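Containing TSV, C-alpha atoms: model.tsv.
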chain	number	residue	atom	x	y	z
A	1	MET	CA	-109.50	-66.43	-34.17
A	2	ALA	CA	-110.38	-62.84	-33.67
A	3	LYS	CA	-108.36	-60.20	-35.70
A	4	ILE	CA	-106.16	-57.65	-33.95
A	5	ARG	CA	-107.47	-54.11	-34.79
A	6	GLY	CA	-105.28	-51.99	-37.04
A	7	TYR	CA	-103.24	-54.72	-38.73
A	8	SER	CA	-103.95	-56.62	-41.96
A	9	SER	CA	-103.21	-60.24	-42.37
A	10	TYR	CA	-101.33	-59.47	-45.74
A	11	ARG	CA	-97.73	-58.16	-45.29
A	12	GLY	CA	-96.55	-58.02	-49.01
A	13	ARG	CA	-96.25	-55.16	-51.70
A	14	GLY	CA	-99.10	-52.74	-52.63
A	15	PRO	CA	-101.29	-53.01	-55.66
A	16	LEU	CA	-99.60	-52.97	-59.13
A	17	TRP	CA	-101.42	-49.84	-60.39
A	18	LYS	CA	-99.83	-47.73	-57.66
A	19	ILE	CA	-96.34	-48.83	-58.65
A	20	LEU	CA	-96.95	-48.02	-62.31
A	21	ALA	CA	-98.31	-44.57	-61.43
A	22	ALA	CA	-95.28	-43.70	-59.30
A	23	THR	CA	-92.92	-44.83	-62.06
A	24	ALA	CA	-94.68	-42.65	-64.64
A	25	LEU	CA	-94.54	-39.59	-62.39
A	26	ALA	CA	-90.77	-40.02	-61.85
A	27	ALA	CA	-90.24	-40.31	-65.62
A	28	VAL	CA	-92.11	-37.03	-66.22
A	29	ILE	CA	-90.00	-35.21	-63.58
A	30	LEU	CA	-86.72	-36.51	-65.06
A	31	ALA	CA	-87.76	-35.49	-68.56
A	32	SER	CA	-88.64	-31.95	-67.44
A	33	PHE	CA	-85.28	-31.58	-65.67
A	34	GLY	CA	-83.44	-32.80	-68.78
A	35	VAL	CA	-85.19	-30.22	-70.99
A	36	LEU	CA	-84.21	-27.41	-68.57
A	37	VAL	CA	-80.53	-28.49	-68.53
A	38	VAL	CA	-80.35	-28.64	-72.33
A	39	GLN	CA	-81.98	-25.21	-72.65
A	40	ARG	CA	-79.48	-23.54	-70.28
A	41	SER	CA	-76.56	-25.27	-72.00
A	42	MET	CA	-77.65	-23.88	-75.35
A	43	GLU	CA	-77.97	-20.36	-73.91
A	44	ALA	CA	-74.43	-20.53	-72.48
A	45	GLU	CA	-73.04	-21.48	-75.86
A	46	MET	CA	-74.70	-18.59	-77.67
A	47	PRO	CA	-72.17	-15.83	-78.64
A	48	ARG	CA	-72.54	-12.44	-76.88
A	49	PRO	CA	-72.65	-9.19	-78.90
A	50	PRO	CA	-69.11	-7.72	-79.29
A	51	VAL	CA	-68.03	-4.50	-77.49
A	52	PRO	CA	-67.83	-1.69	-80.08
A	53	SER	CA	-64.26	-0.75	-81.00
A	54	ALA	CA	-63.02	2.82	-81.38
A	55	ASP	CA	-63.66	2.62	-85.13
A	56	GLU	CA	-67.22	1.27	-84.71
A	57	SER	CA	-68.45	3.43	-81.82
A	58	GLY	CA	-66.43	6.59	-82.39
A	59	GLN	CA	-65.05	6.49	-78.77
A	60	GLU	CA	-62.07	4.72	-77.25
A	61	ALA	CA	-62.42	2.47	-74.23
A	62	ARG	CA	-62.08	4.58	-71.05
A	63	GLU	CA	-59.53	3.65	-68.42
A	64	PRO	CA	-60.45	3.85	-64.72
A	65	GLY	CA	-60.41	7.46	-63.62
A	66	GLN	CA	-60.42	8.82	-67.14
A	67	ASP	CA	-62.77	11.73	-67.81
A	68	PRO	CA	-65.55	10.42	-70.07
A	69	SER	CA	-66.13	13.92	-71.48
A	70	ALA	CA	-62.56	14.17	-72.73
A	71	GLU	CA	-62.52	14.04	-76.50
A	72	THR	CA	-59.80	12.30	-78.42
A	73	GLN	CA	-57.93	14.83	-80.51
A	74	PRO	CA	-56.65	13.78	-83.92
A	75	GLU	CA	-52.94	13.11	-83.91
A	76	THR	CA	-50.94	15.79	-85.69
A	77	PRO	CA	-47.24	15.75	-86.49
A	78	PRO	CA	-45.17	17.72	-83.94
A	79	GLU	CA	-43.81	21.06	-84.99
A	80	GLU	CA	-40.07	21.46	-85.23
A	81	THR	CA	-38.72	23.39	-82.28
A	82	VAL	CA	-35.35	24.74	-81.35
A	83	PRO	CA	-33.74	22.62	-78.58
A	84	GLU	CA	-34.02	24.34	-75.21
A	85	THR	CA	-31.78	24.30	-72.17
A	86	PRO	CA	-32.65	21.30	-69.95
A	87	PRO	CA	-35.12	22.28	-67.23
A	88	PRO	CA	-34.08	22.36	-63.57
A	89	GLU	CA	-34.51	19.31	-61.38
A	90	GLU	CA	-38.17	18.73	-60.61
A	91	GLU	CA	-39.69	16.63	-57.88
A	92	THR	CA	-40.54	13.14	-59.10
A	93	PRO	CA	-41.12	9.85	-57.26
A	94	SER	CA	-37.56	8.81	-58.15
A	95	SER	CA	-36.07	12.26	-57.48
A	96	PRO	CA	-37.98	13.98	-54.68
A	97	ALA	CA	-37.45	17.61	-53.75
A	98	LEU	CA	-34.60	18.26	-51.33
A	99	ARG	CA	-35.61	18.88	-47.71
A	100	ALA	CA	-32.33	18.79	-45.84
A	101	TYR	CA	-31.42	19.19	-42.18
A	102	ALA	CA	-27.98	20.70	-41.49
A	103	VAL	CA	-26.29	18.95	-38.59
A	104	GLN	CA	-23.93	21.10	-36.56
A	105	ALA	CA	-22.59	18.31	-34.33
A	106	ALA	CA	-19.08	17.12	-35.12
A	107	PRO	CA	-17.33	14.76	-35.01
A	108	TRP	CA	-19.96	12.09	-35.53
A	109	ASN	CA	-20.38	8.89	-33.55
A	110	LYS	CA	-23.16	6.29	-33.52
A	111	ALA	CA	-25.17	8.25	-30.95
A	112	VAL	CA	-25.06	11.33	-33.20
A	113	TYR	CA	-26.22	9.22	-36.12
A	114	TRP	CA	-29.30	7.96	-34.29
A	115	ASP	CA	-30.07	11.41	-32.90
A	116	VAL	CA	-29.86	12.89	-36.39
A	117	ALA	CA	-32.06	10.15	-37.84
A	118	GLY	CA	-34.74	10.99	-35.27
A	119	ILE	CA	-34.47	14.74	-35.86
A	120	ALA	CA	-34.70	14.36	-39.63
A	121	GLN	CA	-37.82	12.23	-39.25
A	122	ARG	CA	-39.49	14.73	-36.92
A	123	GLU	CA	-38.57	17.61	-39.23
A	124	GLY	CA	-39.96	15.82	-42.27
A	125	CYS	CA	-36.57	15.89	-43.99
A	126	ASN	CA	-35.32	13.43	-46.60
A	127	ALA	CA	-31.69	14.62	-46.54
A	128	VAL	CA	-28.98	15.29	-43.96
A	129	SER	CA	-26.05	17.68	-44.28
A	130	ALA	CA	-23.01	16.69	-42.20
A	131	LEU	CA	-20.23	19.13	-41.32
A	132	LEU	CA	-16.90	17.58	-42.39
A	133	LYS	CA	-14.72	20.70	-42.24
A	134	ASP	CA	-15.53	23.91	-40.40
A	135	GLU	CA	-14.33	27.48	-40.86
A	136	GLU	CA	-11.78	27.09	-38.10
A	137	GLY	CA	-10.00	24.52	-40.23
A	138	TRP	CA	-10.97	21.41	-38.23
A	139	ILE	CA	-11.64	18.26	-40.27
A	140	TYR	CA	-14.20	15.86	-38.82
A	141	PHE	CA	-13.50	12.64	-40.70
A	142	THR	CA	-10.49	10.50	-41.46
A	143	SER	CA	-8.97	11.80	-44.69
A	144	GLY	CA	-5.68	11.04	-46.37
A	145	ALA	CA	-5.61	14.63	-47.64
A	146	ALA	CA	-5.76	16.17	-44.14
A	147	LEU	CA	-2.64	17.90	-42.88
A	148	SER	CA	-1.22	16.97	-39.48
A	149	GLY	CA	-2.93	18.51	-36.47
A	150	SER	CA	-6.14	19.43	-38.32
A	151	THR	CA	-8.29	16.35	-37.69
A	152	ARG	CA	-10.79	15.74	-34.90
A	153	VAL	CA	-12.32	12.26	-34.94
A	154	ASN	CA	-13.22	9.46	-32.55
A	155	GLY	CA	-13.24	5.71	-32.94
A	156	GLU	CA	-16.74	5.72	-34.44
A	157	THR	CA	-16.62	8.76	-36.71
A	158	ASN	CA	-16.12	7.23	-40.14
A	159	GLU	CA	-18.31	4.25	-39.24
A	160	ALA	CA	-21.16	6.56	-38.21
A	161	LEU	CA	-20.78	8.61	-41.40
A	162	ALA	CA	-20.77	5.39	-43.40
A	163	GLN	CA	-24.10	4.49	-41.73
A	164	LEU	CA	-25.50	7.76	-43.01
A	165	THR	CA	-24.26	7.36	-46.56
A	166	ALA	CA	-25.40	3.72	-46.73
A	167	SER	CA	-28.94	4.60	-45.61
A	168	SER	CA	-31.80	5.72	-47.84
A	169	THR	CA	-31.32	9.31	-46.60
A	170	TYR	CA	-29.72	11.66	-49.12
A	171	SER	CA	-26.35	12.76	-47.69
A	172	ILE	CA	-24.56	16.09	-48.12
A	173	ALA	CA	-20.99	16.79	-46.96
A	174	ARG	CA	-20.28	20.42	-46.00
A	175	ILE	CA	-16.67	21.47	-46.46
A	176	ALA	CA	-15.48	24.98	-45.56
A	177	CYS	CA	-12.72	26.00	-47.94
A	178	PHE	CA	-10.49	29.08	-47.70
A	179	HIS	CA	-11.10	30.34	-44.17
A	180	ASP	CA	-8.70	27.95	-42.46
A	181	PRO	CA	-6.52	29.40	-39.67
A	182	ILE	CA	-5.20	25.95	-38.68
A	183	VAL	CA	-3.44	25.25	-41.97
A	184	ALA	CA	-2.72	28.88	-42.88
A	185	SER	CA	-0.95	29.62	-39.59
A	186	LYS	CA	1.43	26.66	-39.83
A	187	GLU	CA	5.03	27.79	-40.13
A	188	SER	CA	5.50	25.77	-43.31
A	189	SER	CA	2.30	27.04	-44.95
A	190	LEU	CA	3.22	30.62	-45.79
A	191	GLU	CA	4.54	29.90	-49.27
A	192	ARG	CA	2.45	26.84	-50.07
A	193	TYR	CA	-1.03	27.54	-48.68
A	194	ALA	CA	-1.47	30.79	-46.79
A	195	LEU	CA	-2.86	34.10	-48.00
A	196	LYS	CA	-0.25	36.81	-47.55
A	197	ASN	CA	-0.38	40.56	-47.18
A	198	THR	CA	1.36	43.00	-49.45
A	199	GLY	CA	4.35	42.89	-47.10
A	200	THR	CA	4.72	39.13	-47.89
A	201	TYR	CA	3.70	38.16	-44.36
A	202	LEU	CA	0.69	36.15	-43.20
A	203	PHE	CA	-2.52	38.13	-43.67
A	204	TYR	CA	-4.84	38.67	-40.69
A	205	ASP	CA	-8.43	39.67	-41.35
A	206	GLY	CA	-10.62	41.91	-39.18
A	207	ASN	CA	-11.15	39.04	-36.75
A	208	SER	CA	-7.40	38.31	-36.46
A	209	SER	CA	-7.93	35.11	-38.41
A	210	ASN	CA	-6.06	33.57	-41.34
A	211	TRP	CA	-6.99	32.32	-44.79
A	212	LEU	CA	-5.76	30.01	-47.52
A	213	ASP	CA	-4.86	31.55	-50.86
A	214	PRO	CA	-7.18	30.40	-53.71
A	215	ALA	CA	-4.47	31.28	-56.24
A	216	LYS	CA	-2.03	28.71	-54.85
A	217	GLU	CA	-1.94	25.29	-56.47
A	218	MET	CA	-1.26	23.41	-53.22
A	219	THR	CA	-4.26	25.04	-51.57
A	220	ARG	CA	-6.56	23.92	-54.36
A	221	ALA	CA	-5.07	20.40	-54.38
A	222	TYR	CA	-5.57	20.14	-50.62
A	223	LEU	CA	-9.26	21.02	-50.84
A	224	CYS	CA	-9.83	18.84	-53.90
A	225	GLY	CA	-8.37	15.91	-51.95
A	226	LEU	CA	-10.76	16.49	-49.06
A	227	ALA	CA	-13.71	16.58	-51.45
A	228	GLN	CA	-12.59	13.33	-53.08
A	229	ASP	CA	-12.24	11.60	-49.69
A	230	ALA	CA	-15.76	12.73	-48.76
A	231	ALA	CA	-17.03	11.28	-52.03
A	232	GLU	CA	-15.19	8.03	-51.22
A	233	LEU	CA	-17.27	7.82	-48.03
A	234	GLY	CA	-20.36	7.66	-50.20
A	235	PHE	CA	-21.82	11.15	-49.87
A	236	ASP	CA	-24.32	12.06	-52.56
A	237	GLU	CA	-23.40	15.74	-52.67
A	238	ILE	CA	-20.43	17.94	-51.74
A	239	LEU	CA	-21.39	21.42	-50.56
A	240	LEU	CA	-18.50	23.89	-50.49
A	241	THR	CA	-18.71	26.88	-48.16
A	242	ALA	CA	-16.36	29.79	-47.50
A	243	VAL	CA	-15.40	29.90	-51.17
A	244	SER	CA	-14.12	33.45	-51.07
A	245	TYR	CA	-11.37	35.82	-50.04
A	246	PRO	CA	-11.66	37.66	-46.69
A	247	ARG	CA	-14.59	40.08	-46.35
A	248	VAL	CA	-13.54	42.02	-43.23
A	249	GLY	CA	-10.33	43.79	-42.29
A	250	LYS	CA	-7.79	45.75	-44.32
A	251	LEU	CA	-8.67	44.16	-47.62
A	252	ASP	CA	-6.44	46.55	-49.54
A	253	LYS	CA	-3.46	44.90	-47.81
A	254	ILE	CA	-4.14	41.46	-49.31
A	255	ALA	CA	-1.63	40.20	-51.87
A	256	TYR	CA	-4.23	39.20	-54.45
A	257	GLY	CA	-1.80	38.66	-57.30
A	258	ASP	CA	-2.33	39.51	-60.93
A	259	THR	CA	-5.31	37.25	-61.69
A	260	PRO	CA	-8.78	38.66	-60.97
A	261	ILE	CA	-10.07	37.12	-57.77
A	262	ASP	CA	-13.36	35.94	-59.26
A	263	GLN	CA	-11.38	34.02	-61.86
A	264	ASN	CA	-9.33	32.33	-59.12
A	265	LEU	CA	-12.51	31.19	-57.39
A	266	SER	CA	-14.04	30.02	-60.66
A	267	ALA	CA	-10.88	28.07	-61.52
A	268	PHE	CA	-10.97	26.40	-58.10
A	269	LEU	CA	-14.58	25.25	-58.55
A	270	GLY	CA	-13.70	23.91	-61.97
A	271	GLU	CA	-10.85	21.86	-60.49
A	272	VAL	CA	-13.09	20.40	-57.77
A	273	ARG	CA	-15.65	19.51	-60.44
A	274	ALA	CA	-12.98	17.68	-62.43
A	275	ALA	CA	-11.68	15.90	-59.31
A	276	LEU	CA	-15.17	14.55	-58.55
A	277	GLN	CA	-16.05	13.57	-62.09
A	278	THR	CA	-15.59	9.82	-61.58
A	279	TYR	CA	-17.59	9.70	-58.34
A	280	GLY	CA	-21.00	10.61	-59.70
A	281	VAL	CA	-21.72	13.10	-56.90
A	282	LYS	CA	-23.33	16.51	-57.12
A	283	LEU	CA	-21.24	19.61	-56.45
A	284	SER	CA	-22.75	22.66	-54.78
A	285	VAL	CA	-21.51	25.97	-53.45
A	286	GLU	CA	-22.80	28.36	-50.82
A	287	VAL	CA	-22.74	32.03	-51.82
A	288	PRO	CA	-23.71	35.28	-50.07
A	289	LYS	CA	-27.29	36.22	-50.82
A	290	GLU	CA	-26.23	39.73	-51.83
A	291	ILE	CA	-24.82	38.56	-55.16
A	292	LEU	CA	-28.21	36.97	-55.91
A	293	LEU	CA	-30.33	39.89	-54.75
A	294	ASP	CA	-28.19	42.76	-55.99
A	295	GLY	CA	-25.92	41.15	-58.60
A	296	GLY	CA	-22.30	42.09	-59.10
A	297	GLN	CA	-19.23	40.88	-57.23
A	298	ASP	CA	-19.06	40.22	-53.54
A	299	VAL	CA	-16.16	41.83	-51.66
A	300	GLY	CA	-14.87	38.28	-51.15
A	301	GLY	CA	-14.56	37.85	-54.91
A	302	MET	CA	-17.56	35.61	-55.59
A	303	THR	CA	-19.92	36.26	-58.48
A	304	LEU	CA	-22.84	34.20	-59.69
A	305	GLU	CA	-21.28	34.00	-63.13
A	306	ALA	CA	-18.10	32.54	-61.59
A	307	ALA	CA	-19.91	29.85	-59.61
A	308	ALA	CA	-22.86	28.70	-61.70
A	309	PRO	CA	-21.06	27.02	-64.64
A	310	HIS	CA	-19.29	24.56	-62.33
A	311	VAL	CA	-21.98	23.44	-59.89
A	312	ASP	CA	-25.31	21.64	-59.75
A	313	ARG	CA	-26.84	23.68	-56.94
A	314	ILE	CA	-26.33	27.07	-55.35
A	315	TYR	CA	-27.14	27.57	-51.68
A	316	ALA	CA	-27.60	30.84	-49.81
A	317	ALA	CA	-28.85	31.77	-46.35
A	318	VAL	CA	-31.96	33.86	-46.98
A	319	GLU	CA	-35.21	35.00	-45.45
A	320	PRO	CA	-38.41	33.33	-46.71
A	321	GLY	CA	-39.44	36.46	-48.62
A	322	GLU	CA	-36.17	36.44	-50.59
A	323	ILE	CA	-36.43	32.89	-51.97
A	324	GLN	CA	-38.11	33.70	-55.28
A	325	ARG	CA	-35.80	36.60	-56.15
A	326	CYS	CA	-32.74	34.46	-55.53
A	327	ALA	CA	-34.15	31.58	-57.55
A	328	ASP	CA	-34.93	33.94	-60.43
A	329	ALA	CA	-31.36	35.28	-60.36
A	330	VAL	CA	-29.88	31.77	-60.57
A	331	ASN	CA	-32.25	30.78	-63.38
A	332	ALA	CA	-31.38	33.92	-65.33
A	333	VAL	CA	-27.68	33.02	-65.35
A	334	GLN	CA	-27.84	29.30	-66.08
A	335	GLY	CA	-31.18	29.00	-67.84
A	336	GLY	CA	-32.68	26.79	-65.13
A	337	VAL	CA	-29.93	24.16	-65.22
A	338	VAL	CA	-28.65	25.01	-61.73
A	339	ARG	CA	-31.03	24.64	-58.79
A	340	PHE	CA	-31.24	27.29	-56.06
A	341	VAL	CA	-31.60	25.89	-52.53
A	342	PRO	CA	-32.47	28.36	-49.76
A	343	GLU	CA	-30.92	27.88	-46.33
A	344	LEU	CA	-33.62	28.75	-43.80
A	345	ARG	CA	-33.65	29.06	-40.03
A	346	THR	CA	-37.43	29.49	-39.98
A	347	LEU	CA	-39.63	27.60	-42.39
A	348	PRO	CA	-42.56	29.51	-43.83
A	349	ASP	CA	-46.02	27.98	-43.99
A	350	PRO	CA	-46.28	26.37	-46.43
A	351	ALA	CA	-42.64	25.35	-46.62
A	352	PRO	CA	-40.92	25.48	-50.03
A	353	ALA	CA	-40.34	22.22	-51.88
A	354	TRP	CA	-36.56	22.66	-51.79
A	355	TYR	CA	-34.65	23.93	-48.73
A	356	MET	CA	-31.96	23.23	-46.18
A	357	ARG	CA	-32.99	23.78	-42.58
A	358	ILE	CA	-30.32	25.54	-40.52
A	359	PRO	CA	-30.96	25.08	-36.78
A	360	PHE	CA	-30.43	28.02	-34.44
Kindly transcribe the structure held in the file into structure tokens.
Amino acid sequence: MAKIRGYSSYRGRGPLWKILAATALAAVILASFGVLVVQRSMEAEMPRPPVPSADESGQEAREPGQDPSAETQPETPPEETVPETPPPEEETPSSPALRAYAVQAAPWNKAVYWDVAGIAQREGCNAVSALLKDEEGWIYFTSGAALSGSTRVNGETNEALAQLTASSTYSIARIACFHDPIVASKESSLERYALKNTGTYLFYDGNSSNWLDPAKEMTRAYLCGLAQDAAELGFDEILLTAVSYPRVGKLDKIAYGDTPIDQNLSAFLGEVRAALQTYGVKLSVEVPKEILLDGGQDVGGMTLEAAAPHVDRIYAAVEPGEIQRCADAVNAVQGGVVRFVPELRTLPDPAPAWYMRIPF
């Protein structure tokens, strides 16, 4: 039979020598691979040279961002120093500088709250000052200390104020004190609250307005009660304004009494401080800038020396160029313990770290 081209008649395995050669080649490859694995394993187990310590290299390990050229100074025992007066409040991450916005709207409701929140954000403020009692004598929150006929609130007032004090925004309650024609003009107030003239009648200032008498115990108790009720609402700071006697009119006709008027105002601030002691709030007072710029006693009886020992902060409405002089005056009296906060209608550029913005 003829053979078919391209095919062999034997269909079994190849020759034996080829099989042996292939087996030997595979053994050589496996042996080489094994040597490489063992070599790398031995290298991994070899100990690395240690990083020099401060004692061995003469330099300490540098933290990220540390200046490598900074030399380590030998530690020396601190010198004994005389204790100094605590420094004023500084801006820290946990206690940022005060940038407050003074809200004129009163009484509050929820709409006012949201409007104020938006304004404070646009103004870059971290604090809000709410007016709780104005210089006409109106009280804009529900208070057990308020006298009849002196309160103006709505159904949302205390709830809206509570929203403010519960928020992360620092809250300041402004309370006008002795200029109060509502309470002073009440028929029953003459002996208990009102400031009288030398003829023992109700005193009228140059604007035909009436005042409370700082020397009267019931007057001071009334204002202390309002401050306590504001603290109960959760305010972080109580800012007292109108802490003075009248400044216009026939001042020589006022029945001041025997105690110096600056002492009466100082005693009042001390009583408010004591009344707020358990609430953990800051107490501040607004003063006329003249007593900071020129020193001495204001015609209304206020002096820096009378106010500073009882408060944490002193506010005054000033021009931007007057800020440093006023701050220096406050520091000179209390050694930097009391912070000066300027009240500004126009913010300079750059704005100061601490201020309260008073809208026009």
| message | Excluding Ala353 in chain A and its own-chain neighbours fewer than 2 positions away, which residues fall within 10 Å of it when counting all atoms listed in the file? Please give them as a PyMOL selection string. | response | chain A and resi 90-91+96-99+341+350-351+355
Restrict the selected residues to C-alpha atoms and save them as an mmCIF file, in the frame of the given file.
data_model
loop_
_atom_site.group_PDB
_atom_site.id
_atom_site.type_symbol
_atom_site.label_atom_id
_atom_site.label_comp_id
_atom_site.auth_asym_id
_atom_site.auth_seq_id
_atom_site.Cartn_x
_atom_site.Cartn_y
_atom_site.Cartn_z
ATOM 1 C CA GLU A 90 -38.170 18.730 -60.610
ATOM 2 C CA GLU A 91 -39.690 16.630 -57.880
ATOM 3 C CA PRO A 96 -37.980 13.980 -54.680
ATOM 4 C CA ALA A 97 -37.450 17.610 -53.750
ATOM 5 C CA LEU A 98 -34.600 18.260 -51.330
ATOM 6 C CA ARG A 99 -35.610 18.880 -47.710
ATOM 7 C CA VAL A 341 -31.600 25.890 -52.530
ATOM 8 C CA PRO A 350 -46.280 26.370 -46.430
ATOM 9 C CA ALA A 351 -42.640 25.350 -46.620
ATOM 10 C CA TYR A 355 -34.650 23.930 -48.730
#
| said: Just to confirm, what's the straight-line distance from CA of Ala146 in chain A to CA of Tyr222 in chain A in Å (one decimal)? | reply: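 Taking CA of Ala146 in chain A as the start and CA of Tyr222 in chain A as the end point, the length is 7.6 Å.
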| query | How many Å separate CA of Ala230 in chain A from CA of Ala160 in chain A? | reply |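 A separation of 13.4 Å between them.
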| query | What does the distance between CA of Arg325 in chain A and CA of Ile291 in chain A come to in Å, to one decimal place? | reply |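 Separation between CA of Arg325 in chain A and CA of Ile291 in chain A: 11.2 Å.
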| field | Nearest to Pro246 in chain A, chosen from A:Leu212, A:Leu226, A:Ile314, A:Leu161, with only C-alpha atoms counted in the distances | value |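 Closest residue, counting only C-alpha atoms: A:Leu212.
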| field | Who sits within 7 Å of Ala176 in chain A, all atoms listed in the file, same chain under 5 positions skipped, as a PyMOL selection string | value | chain A and resi 133-135+240-242
| field | Shell of 9 Å around Met218 in chain A, all atoms listed in the file, local chain residues under 4 positions omitted, as number ranges by chain | value | A: 192-193, 222-223
